[in-house]
$ cat entry_15.txt   # compact mmCIF, C-alpha atoms
# COMPACT_ATOMS: atom_id res chain seq x y z
CA MET A 1 19.03 18.95 41.31
CA SER A 2 15.74 20.00 39.83
CA SER A 3 12.59 17.92 40.11
CA ASN A 4 11.47 19.29 36.76
CA PRO A 5 10.72 16.29 34.47
CA GLN A 6 12.25 18.16 31.52
CA HIS A 7 15.66 17.85 33.18
CA LYS A 8 15.56 14.09 33.66
CA THR A 9 18.31 12.07 32.08
CA PRO A 10 16.83 10.11 29.16
CA ARG A 11 16.73 6.37 29.60
CA PRO A 12 18.97 4.47 27.24
CA ALA A 13 17.15 2.76 24.41
CA SER A 14 16.36 -0.89 25.02
CA ARG A 15 18.36 -3.51 23.17
CA PHE A 16 15.20 -5.07 21.74
CA LEU A 17 12.13 -3.86 19.86
CA ALA A 18 8.76 -5.61 20.05
CA PHE A 19 5.99 -5.40 17.47
CA PHE A 20 2.50 -6.77 18.17
CA ASP A 21 -0.22 -7.46 15.64
CA GLU A 22 -3.56 -9.15 15.91
CA CYS A 23 -5.80 -11.00 13.53
CA GLY A 24 -9.47 -11.54 14.20
CA ASP A 25 -11.76 -10.07 16.78
CA HIS A 26 -11.22 -10.72 20.48
CA SER A 27 -14.94 -10.52 21.29
CA LEU A 28 -16.58 -13.62 22.78
CA GLU A 29 -20.08 -12.24 22.31
CA LYS A 30 -20.18 -12.29 18.53
CA ILE A 31 -17.98 -14.97 16.93
CA ASP A 32 -17.45 -14.81 13.17
CA PRO A 33 -18.09 -18.33 11.84
CA ASP A 34 -15.67 -17.66 8.95
CA PHE A 35 -12.84 -16.75 11.33
CA PRO A 36 -13.62 -17.99 14.86
CA LEU A 37 -10.07 -17.33 16.05
CA PHE A 38 -8.21 -14.58 17.76
CA VAL A 39 -4.50 -14.54 16.91
CA LEU A 40 -1.86 -12.37 18.51
CA ALA A 41 1.63 -12.22 17.02
CA LEU A 42 4.73 -10.75 18.60
CA VAL A 43 7.95 -10.05 16.73
CA VAL A 44 11.05 -9.42 18.83
CA VAL A 45 14.20 -8.10 17.19
CA GLU A 46 17.42 -6.53 18.34
CA ARG A 47 17.31 -2.79 17.72
CA ALA A 48 20.67 -2.76 15.88
CA LYS A 49 19.62 -5.63 13.59
CA TYR A 50 16.32 -3.89 12.85
CA ARG A 51 18.15 -0.68 11.94
CA ASP A 52 21.09 -2.23 10.07
CA ILE A 53 19.56 -5.31 8.41
CA ILE A 54 15.76 -5.38 8.40
CA LEU A 55 14.95 -1.78 7.45
CA PRO A 56 17.44 -1.67 4.55
CA ALA A 57 16.28 -5.07 3.26
CA PHE A 58 12.59 -4.16 3.32
CA ASN A 59 13.20 -0.71 1.87
CA ALA A 60 15.16 -2.30 -0.99
CA PHE A 61 12.34 -4.83 -1.50
CA LYS A 62 9.72 -2.07 -1.63
CA LEU A 63 11.75 0.01 -4.06
CA ARG A 64 11.97 -2.97 -6.43
CA TYR A 65 8.17 -2.90 -6.80
CA PHE A 66 6.94 0.56 -5.77
CA ASP A 67 7.89 4.20 -6.32
CA HIS A 68 8.80 4.72 -2.65
CA GLU A 69 9.51 2.73 0.49
CA GLY A 70 6.59 4.24 2.44
CA ILE A 71 4.21 1.49 1.26
CA ASN A 72 2.67 -0.51 4.10
CA LEU A 73 2.69 -4.23 3.42
CA HIS A 74 -0.58 -5.64 4.76
CA SER A 75 -1.45 -9.26 4.08
CA ARG A 76 -4.99 -8.25 3.11
CA ASP A 77 -3.56 -6.21 0.23
CA ILE A 78 -1.13 -8.90 -0.87
CA VAL A 79 -3.13 -12.14 -0.64
CA ARG A 80 -6.56 -10.85 -1.62
CA ASP A 81 -8.20 -12.04 -4.78
CA ILE A 82 -6.21 -10.36 -7.53
CA ARG A 83 -9.40 -9.01 -9.06
CA HIS A 84 -9.80 -6.87 -5.94
CA SER A 85 -6.26 -5.53 -5.83
CA HIS A 86 -6.19 -1.76 -5.59
CA GLY A 87 -3.86 1.21 -5.28
CA PRO A 88 -0.17 0.38 -5.44
CA PHE A 89 -1.00 -3.35 -5.26
CA LEU A 90 -2.58 -3.33 -8.73
CA LEU A 91 0.79 -4.59 -9.95
CA LEU A 92 -0.05 -7.94 -8.33
CA ARG A 93 -2.65 -8.51 -11.06
CA ASN A 94 0.24 -9.11 -13.43
CA PRO A 95 0.75 -12.92 -13.60
CA VAL A 96 4.48 -12.48 -14.14
CA ILE A 97 5.07 -9.99 -11.32
CA ARG A 98 2.85 -11.58 -8.64
CA PRO A 99 4.83 -14.83 -8.13
CA LYS A 100 8.14 -12.92 -8.21
CA PHE A 101 6.79 -10.46 -5.65
CA ILE A 102 5.62 -13.26 -3.32
CA GLU A 103 8.90 -15.16 -3.68
CA ASP A 104 10.94 -12.00 -3.10
CA LEU A 105 8.87 -11.03 -0.06
CA SER A 106 9.16 -14.56 1.35
CA GLY A 107 12.93 -14.50 0.88
CA THR A 108 13.21 -11.11 2.56
CA MET A 109 11.19 -12.40 5.52
CA GLU A 110 13.26 -15.60 5.76
CA GLN A 111 16.50 -13.61 5.91
CA ALA A 112 15.26 -11.17 8.56
CA PRO A 113 16.78 -11.84 12.01
CA PHE A 114 13.78 -11.81 14.33
CA THR A 115 11.93 -14.10 16.72
CA LEU A 116 8.23 -14.66 16.22
CA PHE A 117 5.76 -15.67 18.93
CA ILE A 118 2.17 -16.52 18.01
CA SER A 119 -0.76 -17.26 20.25
CA ALA A 120 -4.12 -18.36 18.84
CA VAL A 121 -7.40 -18.77 20.71
CA ARG A 122 -10.24 -20.84 19.29
CA LYS A 123 -13.02 -18.73 20.70
CA LYS A 124 -15.87 -21.29 20.57
CA GLU A 125 -13.81 -23.97 22.32
CA HIS A 126 -12.55 -21.45 24.84
CA LEU A 127 -16.11 -20.42 25.66
CA GLN A 128 -17.33 -24.02 25.90
CA ARG A 129 -14.46 -24.99 28.20
CA ASP A 130 -14.51 -21.99 30.52
CA ALA A 131 -18.13 -20.82 30.14
CA THR A 132 -18.83 -17.79 32.34
CA ASN A 133 -15.20 -17.56 33.53
CA ALA A 134 -13.76 -17.32 30.02
CA ALA A 135 -10.95 -14.81 29.88
CA ASN A 136 -10.85 -12.18 27.19
CA PRO A 137 -8.97 -13.79 24.26
CA TYR A 138 -6.60 -10.82 24.05
CA ASP A 139 -5.66 -11.23 27.71
CA LEU A 140 -5.37 -14.99 27.28
CA ALA A 141 -3.09 -14.57 24.25
CA LEU A 142 -0.80 -12.25 26.24
CA GLU A 143 -0.54 -14.82 29.04
CA SER A 144 0.42 -17.67 26.71
$ encode --input "entry_15.txt" --output "structure tokens"
Amino acid sequence: MSSNPQHKTPRPASRFLAFFDECGDHSLEKIDPDFPLFVLALVVVERAKYRDIILPAFNAFKLRYFDHEGINLHSRDIVRDIRHSHGPFLLLRNPVIRPKFIEDLSGTMEQAPFTLFISAVRKKEHLQRDATNAANPYDLALES
């Protein structure tokens, strides 16, 4: 048997997929008074359900509104002031399309079989409570 890593048997794919996303800055040195939070979200989904249910549903949703399914859906593009919509999200300036889009997106999300975990750190309170021993909000969110 060779010790060459190219000849290793590939590990089977895990049953679950995990997607992390953050909102806000995890810095404790400079806290934004307009958003003094750090939020970490984790979505866990079974690989087969992601492949067979979630991807087709979101691709179908995207194709109802855009020319291709490669559009990335970022909340900043969707919920921003409609006067500042840009690129493919210009369609959200239309007062007929926007509520349909939001309702359709909400319905697609509600039907998706996933588990969501969210951890939020109020940075000012965290600093006041733990002073010099305050953990990095990102680390703290992962521990929660």
$ closest_atom_pairs --input "entry_15.txt" --of "segment 100-142 of chain A" --to "segment 31-39 of chain A" --cutoff "8 Å" --atoms "all atoms listed in the file" --output "Markdown table"
| residue | atom | partner | partner_atom | distance |
| --- | --- | --- | --- | --- |
| A:Ile118 | CA | A:Val39 | CA | 7.0 |
| A:Ser119 | CA | A:Val39 | CA | 5.7 |
| A:Ala120 | CA | A:Val39 | CA | 4.3 |
| A:Val121 | CA | A:Phe38 | CA | 5.2 |
| A:Arg122 | CA | A:Leu37 | CA | 4.8 |
| A:Lys123 | CA | A:Leu37 | CA | 5.7 |
| A:Lys124 | CA | A:Pro36 | CA | 7.0 |
| A:Pro137 | CA | A:Phe38 | CA | 6.6 |
| A:Tyr138 | CA | A:Phe38 | CA | 7.5 |
| A:Ala141 | CA | A:Val39 | CA | 7.5 |
$ write_last_selection --input "entry_15.txt" --atoms "C-alpha atoms" --output "PDB file, keeping the file's coordinate frame"
ATOM      1  CA  ILE A 118       2.170 -16.520  18.010  1.00  0.00           C
ATOM      2  CA  SER A 119      -0.760 -17.260  20.250  1.00  0.00           C
ATOM      3  CA  ALA A 120      -4.120 -18.360  18.840  1.00  0.00           C
ATOM      4  CA  VAL A 121      -7.400 -18.770  20.710  1.00  0.00           C
ATOM      5  CA  ARG A 122     -10.240 -20.840  19.290  1.00  0.00           C
ATOM      6  CA  LYS A 123     -13.020 -18.730  20.700  1.00  0.00           C
ATOM      7  CA  LYS A 124     -15.870 -21.290  20.570  1.00  0.00           C
ATOM      8  CA  PRO A 137      -8.970 -13.790  24.260  1.00  0.00           C
ATOM      9  CA  TYR A 138      -6.600 -10.820  24.050  1.00  0.00           C
ATOM     10  CA  ALA A 141      -3.090 -14.570  24.250  1.00  0.00           C
TER      11      ALA A 141
END
$ residues_near_point --input "entry_15.txt" --point "(10.5, -0.7, -5.3)" --cutoff "12 Å" --atoms "all atoms listed in the file" --output "ChimeraX atom specification"
/A:57-71,88-89,91,101,104-105
$ closest_residue --input "entry_15.txt" --among "A:Val45, A:Ala13, A:Arg51, A:Leu40" --to "Leu140 of chain A" --atoms "all atoms listed in the file"
A:Leu40
$ closest_residue --input "entry_15.txt" --among "A:Leu17, A:Leu55, A:Ala48, A:Leu92" --to "Met109 of chain A" --atoms "only C-alpha atoms"
A:Leu55
$ atom_distance --input "entry_15.txt" --atom1 "atom CA of Phe117 of chain A" --atom2 "atom CA of Pro12 of chain A"
25.5 Å
$ residues_around --input "entry_15.txt" --residues "Ile102 of chain A" --least-positions-apart "4" --cutoff "10 Å" --atoms "all atoms listed in the file" --output "PyMOL selection string"
chain A and resi 78-79+92+97-98+106-108
$ closest_residue --input "entry_15.txt" --among "A:Glu29, A:Glu103, A:Cys23, A:Gln128" --to "Arg76 of chain A" --atoms "only C-alpha atoms"
A:Cys23
$ closest_residue --input "entry_15.txt" --among "A:Val44, A:Asp25, A:Phe20, A:Thr9" --to "Ala112 of chain A" --atoms "all atoms listed in the file"
A:Val44
$ atom_distance --input "entry_15.txt" --atom1 "atom CA of Arg15 of chain A" --atom2 "atom CA of Lys49 of chain A"
9.9 Å
$ closest_residue --input "entry_15.txt" --among "A:Thr132, A:Ser85, A:Asn94, A:Ser75" --to "Asp21 of chain A" --atoms "only C-alpha atoms"
A:Ser75
$ closest_residue --input "entry_15.txt" --among "A:Thr115, A:Asn72, A:Ser27, A:Gln6" --to "Gly87 of chain A" --atoms "all atoms listed in the file"
A:Asn72
$ atom_distance --input "entry_15.txt" --atom1 "atom CA of Ala41 of chain A" --atom2 "atom CA of Ala18 of chain A"
10.2 Å
